[in-house]
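Next comes query.txt, with compact mmCIF, N, CA and C atoms.
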```txt
# COMPACT_ATOMS: atom_id res chain seq x y z
N MET A 5 38.04 22.81 49.87
CA MET A 5 38.82 21.88 50.67
C MET A 5 39.31 20.72 49.77
N ILE A 6 40.58 20.44 49.87
CA ILE A 6 41.16 19.37 49.07
C ILE A 6 41.03 18.04 49.84
N THR A 7 40.41 17.08 49.19
CA THR A 7 40.19 15.77 49.80
C THR A 7 41.39 14.86 49.58
N ASP A 8 41.34 13.70 50.22
CA ASP A 8 42.42 12.72 50.04
C ASP A 8 42.52 12.28 48.58
N ASP A 9 41.37 12.17 47.90
CA ASP A 9 41.38 11.79 46.48
C ASP A 9 42.17 12.80 45.65
N PHE A 10 42.03 14.08 45.99
CA PHE A 10 42.76 15.09 45.25
C PHE A 10 44.24 15.09 45.61
N LYS A 11 44.55 14.72 46.82
CA LYS A 11 45.96 14.60 47.22
C LYS A 11 46.62 13.48 46.41
N VAL A 12 45.90 12.38 46.23
CA VAL A 12 46.41 11.27 45.42
C VAL A 12 46.56 11.72 43.96
N PHE A 13 45.58 12.46 43.47
CA PHE A 13 45.64 12.96 42.09
C PHE A 13 46.81 13.92 41.92
N PHE A 14 47.00 14.82 42.88
CA PHE A 14 48.14 15.74 42.84
C PHE A 14 49.45 14.96 42.80
N SER A 15 49.57 13.95 43.64
CA SER A 15 50.79 13.13 43.66
C SER A 15 51.02 12.46 42.32
N TYR A 16 49.95 11.94 41.73
CA TYR A 16 50.05 11.30 40.41
C TYR A 16 50.58 12.30 39.37
N LEU A 17 49.99 13.48 39.32
CA LEU A 17 50.44 14.48 38.35
C LEU A 17 51.88 14.90 38.63
N ASN A 18 52.15 15.21 39.88
CA ASN A 18 53.47 15.70 40.25
C ASN A 18 54.57 14.67 39.94
N GLU A 19 54.28 13.40 40.20
CA GLU A 19 55.27 12.36 39.92
C GLU A 19 55.37 12.04 38.43
N SER A 20 54.29 12.23 37.69
CA SER A 20 54.30 11.96 36.25
C SER A 20 55.08 13.01 35.47
N LEU A 21 55.06 14.23 35.96
CA LEU A 21 55.71 15.34 35.26
C LEU A 21 57.19 15.40 35.59
N SER A 22 57.99 15.62 34.59
CA SER A 22 59.43 15.74 34.83
C SER A 22 59.72 17.03 35.59
N ASN A 23 60.86 17.07 36.23
CA ASN A 23 61.24 18.28 36.97
C ASN A 23 61.52 19.46 36.06
N ASN A 24 61.75 19.19 34.78
CA ASN A 24 62.02 20.29 33.85
C ASN A 24 60.83 20.55 32.92
N VAL A 25 59.62 20.22 33.38
CA VAL A 25 58.44 20.50 32.59
C VAL A 25 58.38 22.01 32.33
N SER A 26 58.01 22.38 31.12
CA SER A 26 57.97 23.81 30.79
C SER A 26 56.61 24.41 31.16
N TYR A 27 56.60 25.72 31.24
CA TYR A 27 55.35 26.42 31.52
C TYR A 27 54.31 26.12 30.45
N ARG A 28 54.72 26.14 29.19
CA ARG A 28 53.78 25.85 28.09
C ARG A 28 53.19 24.44 28.23
N GLU A 29 54.03 23.47 28.55
CA GLU A 29 53.55 22.09 28.72
C GLU A 29 52.55 22.00 29.88
N LEU A 30 52.88 22.65 30.97
CA LEU A 30 52.00 22.63 32.13
C LEU A 30 50.68 23.34 31.84
N SER A 31 50.74 24.45 31.15
CA SER A 31 49.52 25.18 30.78
C SER A 31 48.66 24.36 29.83
N ASN A 32 49.29 23.71 28.88
CA ASN A 32 48.54 22.86 27.96
C ASN A 32 47.86 21.71 28.70
N LEU A 33 48.56 21.12 29.66
CA LEU A 33 47.97 20.04 30.45
C LEU A 33 46.78 20.56 31.25
N CYS A 34 46.92 21.72 31.83
CA CYS A 34 45.84 22.33 32.59
C CYS A 34 44.61 22.53 31.70
N ILE A 35 44.81 23.10 30.54
CA ILE A 35 43.70 23.35 29.61
C ILE A 35 43.09 22.01 29.15
N THR A 36 43.94 21.04 28.88
CA THR A 36 43.45 19.72 28.46
C THR A 36 42.54 19.12 29.52
N LEU A 37 42.99 19.15 30.78
CA LEU A 37 42.19 18.55 31.85
C LEU A 37 40.93 19.36 32.14
N PHE A 38 40.97 20.65 31.87
CA PHE A 38 39.79 21.50 32.01
C PHE A 38 38.73 21.12 30.97
N CYS A 39 39.21 20.73 29.77
CA CYS A 39 38.30 20.39 28.68
C CYS A 39 37.89 18.92 28.68
N SER A 40 38.79 18.04 29.13
CA SER A 40 38.51 16.60 29.07
C SER A 40 39.42 15.85 30.03
N ILE A 41 38.85 14.86 30.68
CA ILE A 41 39.67 14.02 31.58
C ILE A 41 40.00 12.69 30.94
N SER A 42 39.73 12.57 29.66
CA SER A 42 39.90 11.28 28.97
C SER A 42 41.33 10.76 28.98
N ILE A 43 42.31 11.63 29.20
CA ILE A 43 43.71 11.18 29.19
C ILE A 43 44.15 10.60 30.53
N LEU A 44 43.29 10.71 31.53
CA LEU A 44 43.64 10.24 32.87
C LEU A 44 43.34 8.76 33.06
N PRO A 45 44.08 8.11 33.95
CA PRO A 45 43.76 6.73 34.30
C PRO A 45 42.33 6.65 34.85
N GLU A 46 41.74 5.49 34.71
CA GLU A 46 40.34 5.29 35.10
C GLU A 46 40.07 5.67 36.56
N LYS A 47 41.03 5.44 37.44
CA LYS A 47 40.78 5.72 38.86
C LYS A 47 40.56 7.20 39.15
N PHE A 48 40.93 8.08 38.21
CA PHE A 48 40.71 9.52 38.39
C PHE A 48 39.51 10.04 37.60
N GLN A 49 38.88 9.19 36.84
CA GLN A 49 37.78 9.61 35.98
C GLN A 49 36.58 10.14 36.77
N SER A 50 36.41 9.72 38.01
CA SER A 50 35.25 10.15 38.79
C SER A 50 35.50 11.42 39.60
N LEU A 51 36.73 11.93 39.58
CA LEU A 51 37.01 13.18 40.30
C LEU A 51 36.29 14.35 39.63
N VAL A 52 35.84 15.27 40.44
CA VAL A 52 35.24 16.49 39.90
C VAL A 52 36.38 17.49 39.72
N LEU A 53 36.86 17.56 38.49
CA LEU A 53 37.98 18.47 38.20
C LEU A 53 37.44 19.79 37.67
N ASN A 54 36.83 20.54 38.58
CA ASN A 54 36.33 21.85 38.18
C ASN A 54 37.49 22.84 38.16
N LYS A 55 37.22 24.03 37.68
CA LYS A 55 38.31 25.00 37.51
C LYS A 55 38.96 25.38 38.84
N GLU A 56 38.19 25.42 39.91
CA GLU A 56 38.75 25.77 41.21
C GLU A 56 39.76 24.70 41.68
N ASN A 57 39.36 23.44 41.60
CA ASN A 57 40.25 22.35 42.01
C ASN A 57 41.49 22.28 41.13
N LEU A 58 41.30 22.41 39.82
CA LEU A 58 42.46 22.39 38.92
C LEU A 58 43.40 23.55 39.20
N ALA A 59 42.85 24.73 39.47
CA ALA A 59 43.69 25.90 39.74
C ALA A 59 44.55 25.69 40.98
N ILE A 60 43.98 25.11 42.00
CA ILE A 60 44.73 24.84 43.23
C ILE A 60 45.84 23.83 42.94
N ILE A 61 45.49 22.76 42.26
CA ILE A 61 46.47 21.71 41.95
C ILE A 61 47.61 22.25 41.09
N PHE A 62 47.28 23.00 40.04
CA PHE A 62 48.33 23.49 39.15
C PHE A 62 49.18 24.59 39.79
N SER A 63 48.63 25.37 40.69
CA SER A 63 49.46 26.36 41.38
C SER A 63 50.48 25.64 42.27
N GLU A 64 50.07 24.55 42.89
CA GLU A 64 51.00 23.77 43.72
C GLU A 64 52.06 23.07 42.87
N ILE A 65 51.65 22.54 41.72
CA ILE A 65 52.62 21.90 40.83
C ILE A 65 53.63 22.93 40.32
N ALA A 66 53.14 24.12 40.00
CA ALA A 66 54.05 25.18 39.52
C ALA A 66 55.11 25.49 40.59
N LYS A 67 54.70 25.50 41.85
CA LYS A 67 55.67 25.72 42.94
C LYS A 67 56.66 24.56 43.02
N GLU A 68 56.12 23.34 43.03
CA GLU A 68 56.96 22.14 43.15
C GLU A 68 57.99 22.04 42.02
N LYS A 69 57.55 22.37 40.81
CA LYS A 69 58.41 22.24 39.63
C LYS A 69 59.23 23.50 39.36
N LYS A 70 59.09 24.47 40.26
CA LYS A 70 59.87 25.71 40.18
C LYS A 70 59.65 26.45 38.85
N ILE A 71 58.38 26.51 38.44
CA ILE A 71 58.02 27.28 37.25
C ILE A 71 58.20 28.75 37.59
N THR A 72 58.77 29.51 36.69
CA THR A 72 58.97 30.94 36.88
C THR A 72 57.65 31.61 37.26
N PRO A 73 57.64 32.45 38.28
CA PRO A 73 56.38 33.08 38.68
C PRO A 73 55.69 33.89 37.57
N TYR A 74 56.47 34.60 36.76
CA TYR A 74 55.89 35.39 35.67
C TYR A 74 56.55 34.99 34.35
N PRO A 75 56.23 33.81 33.84
CA PRO A 75 56.86 33.35 32.59
C PRO A 75 56.40 34.19 31.40
N PRO A 76 57.29 34.47 30.45
CA PRO A 76 56.93 35.26 29.27
C PRO A 76 55.75 34.67 28.49
N ALA A 77 55.63 33.34 28.46
CA ALA A 77 54.56 32.70 27.69
C ALA A 77 53.18 32.88 28.33
N ALA A 78 53.12 33.39 29.54
CA ALA A 78 51.83 33.55 30.23
C ALA A 78 50.88 34.44 29.44
N SER A 79 51.41 35.42 28.74
CA SER A 79 50.53 36.33 27.99
C SER A 79 49.76 35.59 26.89
N PHE A 80 50.34 34.51 26.37
CA PHE A 80 49.66 33.70 25.36
C PHE A 80 48.35 33.14 25.92
N TYR A 81 48.35 32.89 27.23
CA TYR A 81 47.18 32.33 27.91
C TYR A 81 46.35 33.40 28.61
N GLY A 82 46.69 34.66 28.41
CA GLY A 82 45.95 35.73 29.05
C GLY A 82 46.11 35.72 30.56
N ALA A 83 47.21 35.16 31.02
CA ALA A 83 47.43 35.00 32.46
C ALA A 83 48.53 35.93 32.93
N SER A 84 48.21 37.20 33.08
CA SER A 84 49.24 38.15 33.46
C SER A 84 48.94 38.89 34.76
N PHE A 85 47.83 38.57 35.41
CA PHE A 85 47.48 39.28 36.63
C PHE A 85 47.94 38.60 37.91
N HIS A 86 48.28 37.33 37.83
CA HIS A 86 48.73 36.58 39.00
C HIS A 86 49.98 35.80 38.61
N ASP A 87 50.83 35.53 39.60
CA ASP A 87 52.00 34.71 39.27
C ASP A 87 51.60 33.24 39.21
N SER A 88 52.44 32.42 38.60
CA SER A 88 52.11 31.02 38.31
C SER A 88 51.98 30.16 39.57
N HIS A 89 52.36 30.69 40.71
CA HIS A 89 52.25 29.95 41.96
C HIS A 89 50.93 30.28 42.66
N ASN A 90 50.09 31.07 42.01
CA ASN A 90 48.81 31.52 42.55
C ASN A 90 47.68 30.86 41.78
N LYS A 91 46.65 30.41 42.46
CA LYS A 91 45.55 29.73 41.77
C LYS A 91 44.86 30.65 40.77
N GLY A 92 44.87 31.95 41.01
CA GLY A 92 44.27 32.90 40.06
C GLY A 92 44.92 32.84 38.69
N HIS A 93 46.19 32.56 38.66
CA HIS A 93 46.90 32.43 37.38
C HIS A 93 46.30 31.30 36.56
N TRP A 94 46.08 30.16 37.20
CA TRP A 94 45.58 28.99 36.49
C TRP A 94 44.11 29.13 36.12
N LEU A 95 43.37 29.92 36.90
CA LEU A 95 42.00 30.26 36.49
C LEU A 95 42.03 31.06 35.19
N GLU A 96 43.00 31.98 35.08
CA GLU A 96 43.16 32.75 33.84
C GLU A 96 43.56 31.86 32.68
N VAL A 97 44.44 30.90 32.93
CA VAL A 97 44.86 29.97 31.88
C VAL A 97 43.65 29.21 31.35
N MET A 98 42.83 28.70 32.25
CA MET A 98 41.64 27.96 31.81
C MET A 98 40.64 28.87 31.10
N ALA A 99 40.54 30.12 31.53
CA ALA A 99 39.63 31.06 30.87
C ALA A 99 40.08 31.36 29.44
N SER A 100 41.36 31.14 29.15
CA SER A 100 41.86 31.42 27.79
C SER A 100 41.20 30.53 26.76
N VAL A 101 40.68 29.38 27.20
CA VAL A 101 39.95 28.49 26.28
C VAL A 101 38.74 29.24 25.73
N LEU A 102 38.10 30.01 26.59
CA LEU A 102 36.90 30.74 26.19
C LEU A 102 37.23 32.13 25.64
N LYS A 103 38.11 32.86 26.32
CA LYS A 103 38.41 34.23 25.91
C LYS A 103 39.24 34.30 24.64
N LEU A 104 40.23 33.43 24.52
CA LEU A 104 41.17 33.52 23.41
C LEU A 104 41.04 32.36 22.44
N ALA A 105 40.08 31.49 22.68
CA ALA A 105 39.85 30.30 21.84
C ALA A 105 41.09 29.41 21.76
N ASN A 106 41.86 29.37 22.87
CA ASN A 106 43.01 28.45 22.93
C ASN A 106 42.48 27.03 23.02
N LYS A 107 43.03 26.16 22.21
CA LYS A 107 42.63 24.76 22.23
C LYS A 107 43.79 23.93 22.74
N PRO A 108 43.49 22.93 23.55
CA PRO A 108 44.58 22.09 24.08
C PRO A 108 45.13 21.17 23.01
N ASP A 109 46.41 20.86 23.16
CA ASP A 109 47.05 19.84 22.34
C ASP A 109 47.02 18.56 23.17
N ILE A 110 45.98 17.78 22.97
CA ILE A 110 45.73 16.60 23.80
C ILE A 110 46.85 15.58 23.68
N LYS A 111 47.39 15.40 22.49
CA LYS A 111 48.48 14.44 22.29
C LYS A 111 49.71 14.82 23.12
N GLU A 112 50.03 16.11 23.13
CA GLU A 112 51.17 16.58 23.93
C GLU A 112 50.92 16.36 25.42
N ALA A 113 49.70 16.61 25.85
CA ALA A 113 49.34 16.41 27.26
C ALA A 113 49.48 14.95 27.64
N GLU A 114 49.04 14.06 26.77
CA GLU A 114 49.15 12.62 27.02
C GLU A 114 50.59 12.20 27.20
N LYS A 115 51.49 12.76 26.38
CA LYS A 115 52.92 12.42 26.48
C LYS A 115 53.49 12.77 27.85
N LEU A 116 53.01 13.85 28.44
CA LEU A 116 53.51 14.27 29.75
C LEU A 116 53.19 13.26 30.83
N LEU A 117 52.08 12.57 30.67
CA LEU A 117 51.60 11.67 31.73
C LEU A 117 52.01 10.22 31.51
N ASN A 118 52.73 9.95 30.45
CA ASN A 118 53.16 8.56 30.19
C ASN A 118 54.62 8.36 30.48
```
Once you've parsed the file, please lay out its structure as structure tokens.
Amino acid sequence: MITDDFKVFFSYLNESLSNNVSYRELSNLCITLFCSISILPEKFQSLVLNKENLAIIFSEIAKEKKITPYPPAASFYGASFHDSHNKGHWLEVMASVLKLANKPDIKEAEKLLN
């Protein structure tokens, strides 16, 4: 269940990201937040951003930002079983940190939110 705090967090992310954010940028942000919340404003530092919550949030952002459902770059993240508007896709993206040793580019993620 998504709480009001997560609705505020979703709004913050959605408003921070440009309408032409790329799939790679969004995936990198997802991985970054899965690994560390240090790039977020202090008011979001206490949120429990587990993989389930992040997957829900990023699937909604992908819909809002009109990210292609099956982007070619998804294979880089091992995310080929679900479309980008599905939370399962973002669970696969986060799993790529462990399965494929993908590391987030934290500096790039920070730029998206400023």
(request) For segment 40-51 of chain A, work out the shell of residues within 8 Å, counting only N, CA and C atoms and skipping chain neighbours fewer than 3 positions away, then give it as a PyMOL selection string. (result) chain A and resi 9-10+13+34-37+54+110+113-114+117
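Distances here use all atoms listed in the file; by that measure, the residue among A:Cys39, A:Leu116, A:Ala77, A:Leu95 closest to Ser22 of chain A is A:Leu116.
Pairwise distance (atom C of Lys111 of chain A, atom C of Tyr74 of chain A) equals 24.1 Å.
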(message) Please determine, counting only C-alpha atoms, which residue among A:His93, A:Lys107, A:His86, A:Lys115 has the shortest atom-to-atom distance to Ile60 of chain A.
(response) A:His93
(request) Using atom CA of Tyr16 of chain A and atom CA of Asn57 of chain A as the two end points, give the distance in Å to one decimal. (result) 14.9 Å
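If you count all atoms listed in the file and ignore residues fewer than 2 places along the chain from His89 of chain A, what sits within 8 Å of it is Phe62, Ser63, Glu64, Ile65, Ala66, Lys67, Glu68, Ile71, Thr72, Pro73, Tyr74, His86, Asp87, Lys91, Gly92, His93 and Trp94 of chain A.
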(request) Write out as a ChimeraX atom specification all residues of chain A that backbone DSSP assigns to alpha helix (DSSP H). (result) /A:8-20,27-39,55-68,91-103,110-116
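Atom CA of Leu21 of chain A sits 21.0 Å away from atom CA of Val52 of chain A.
Comparing the minimum interatomic distances between Pro108 of chain A and each of A:Asn18, A:Leu33, A:Asp8, A:Glu56, counting only N, CA and C atoms, we find that A:Leu33 sits nearest.
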How would chain A of the given structure read as a file with C-alpha atoms, as a short mmCIF file (atom, residue, chain, number, x, y, z; two decimals), in the first residue's frame?
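File written: decode-v3.cif
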```
data_model
loop_
_atom_site.label_atom_id
_atom_site.label_comp_id
_atom_site.auth_asym_id
_atom_site.auth_seq_id
_atom_site.Cartn_x
_atom_site.Cartn_y
_atom_site.Cartn_z
CA MET A 5 0.00 0.00 0.00
CA ILE A 6 1.35 3.39 -1.00
CA THR A 7 1.16 5.94 1.82
CA ASP A 8 0.79 9.70 1.58
CA ASP A 9 4.55 10.02 2.16
CA PHE A 10 5.19 7.94 -0.94
CA LYS A 11 2.70 10.00 -2.93
CA VAL A 12 4.69 13.11 -1.98
CA PHE A 13 7.93 11.32 -2.90
CA PHE A 14 6.47 10.24 -6.25
CA SER A 15 5.41 13.83 -6.95
CA TYR A 16 8.90 15.07 -6.08
CA LEU A 17 10.54 12.60 -8.46
CA ASN A 18 8.00 13.10 -11.21
CA GLU A 19 8.29 16.89 -11.06
CA SER A 20 12.10 16.80 -10.82
CA LEU A 21 12.49 14.67 -13.94
CA SER A 22 12.17 16.28 -17.33
CA ASN A 23 9.50 15.01 -19.69
CA ASN A 24 12.21 13.76 -22.03
CA VAL A 25 14.10 11.74 -19.41
CA SER A 26 15.64 8.71 -21.10
CA TYR A 27 15.17 5.10 -20.11
CA ARG A 28 18.87 4.83 -19.22
CA GLU A 29 18.65 7.91 -16.97
CA LEU A 30 15.56 6.57 -15.25
CA SER A 31 17.11 3.13 -14.78
CA ASN A 32 20.27 4.65 -13.36
CA LEU A 33 18.21 6.72 -10.92
CA CYS A 34 16.30 3.61 -9.86
CA ILE A 35 19.53 1.69 -9.24
CA THR A 36 21.04 4.66 -7.41
CA LEU A 37 18.07 4.94 -5.05
CA PHE A 38 18.09 1.18 -4.53
CA CYS A 39 21.73 1.41 -3.42
CA SER A 40 21.66 4.74 -1.57
CA ILE A 41 19.23 7.50 -0.68
CA SER A 42 21.99 10.01 -0.02
CA ILE A 43 21.08 12.08 -3.09
CA LEU A 44 17.57 12.78 -1.78
CA PRO A 45 16.49 15.81 0.23
CA GLU A 46 16.48 15.23 3.98
CA LYS A 47 12.69 15.03 4.18
CA PHE A 48 12.80 11.76 2.19
CA GLN A 49 15.70 10.20 4.07
CA SER A 50 13.38 8.37 6.50
CA LEU A 51 11.29 6.67 3.79
CA VAL A 52 11.70 2.93 3.49
CA LEU A 53 12.66 2.71 -0.17
CA ASN A 54 12.67 -1.04 -0.54
CA LYS A 55 12.66 -2.68 -3.94
CA GLU A 56 8.89 -3.18 -3.92
CA ASN A 57 8.15 0.50 -3.25
CA LEU A 58 10.75 1.68 -5.76
CA ALA A 59 9.39 -0.69 -8.41
CA ILE A 60 5.87 0.69 -8.00
CA ILE A 61 7.09 4.29 -8.11
CA PHE A 62 9.31 3.80 -11.16
CA SER A 63 6.65 1.90 -13.11
CA GLU A 64 4.31 4.86 -12.56
CA ILE A 65 7.00 7.36 -13.56
CA ALA A 66 7.71 5.33 -16.71
CA LYS A 67 4.01 5.64 -17.62
CA GLU A 68 3.90 9.37 -16.81
CA LYS A 69 7.06 10.11 -18.81
CA LYS A 70 5.92 7.89 -21.69
CA ILE A 71 8.98 5.65 -21.57
CA THR A 72 8.82 3.02 -24.32
CA PRO A 73 7.35 -0.18 -22.88
CA TYR A 74 10.17 -2.35 -24.29
CA PRO A 75 13.19 -0.05 -24.69
CA PRO A 76 16.24 -1.58 -26.43
CA ALA A 77 18.48 -0.60 -23.47
CA ALA A 78 16.43 -2.80 -21.11
CA SER A 79 18.60 -5.80 -21.93
CA PHE A 80 21.58 -3.97 -20.40
CA TYR A 81 19.69 -4.14 -17.10
CA GLY A 82 18.48 -7.70 -17.58
CA ALA A 83 14.94 -6.36 -17.72
CA SER A 84 13.33 -8.13 -20.64
CA PHE A 85 10.45 -10.08 -19.08
CA HIS A 86 8.15 -7.16 -18.25
CA ASP A 87 7.44 -3.87 -19.94
CA SER A 88 8.71 -0.65 -18.34
CA HIS A 89 5.22 0.27 -17.14
CA ASN A 90 5.14 -2.87 -14.97
CA LYS A 91 6.68 -3.03 -11.50
CA GLY A 92 8.30 -6.37 -12.42
CA HIS A 93 10.47 -4.55 -14.92
CA TRP A 94 11.91 -2.28 -12.25
CA LEU A 95 12.47 -5.23 -9.92
CA GLU A 96 14.61 -6.70 -12.72
CA VAL A 97 16.46 -3.40 -13.12
CA MET A 98 17.33 -3.37 -9.43
CA ALA A 99 18.34 -7.04 -9.55
CA SER A 100 20.89 -6.13 -12.23
CA VAL A 101 23.00 -4.60 -9.45
CA LEU A 102 23.46 -8.10 -8.09
CA LYS A 103 23.12 -10.29 -11.19
CA LEU A 104 25.10 -8.20 -13.65
CA ALA A 105 27.19 -6.11 -11.23
CA ASN A 106 25.71 -2.91 -12.68
CA LYS A 107 26.81 0.06 -10.62
CA PRO A 108 24.89 3.32 -10.48
CA ASP A 109 26.33 6.56 -11.75
CA ILE A 110 25.45 8.60 -8.68
CA LYS A 111 26.62 11.92 -10.18
CA GLU A 112 24.30 11.46 -13.18
CA ALA A 113 21.41 10.59 -10.87
CA GLU A 114 22.03 13.73 -8.81
CA LYS A 115 21.87 15.87 -11.96
CA LEU A 116 18.39 14.54 -12.72
CA LEU A 117 17.05 15.72 -9.38
CA ASN A 118 18.56 19.22 -9.40
#
```
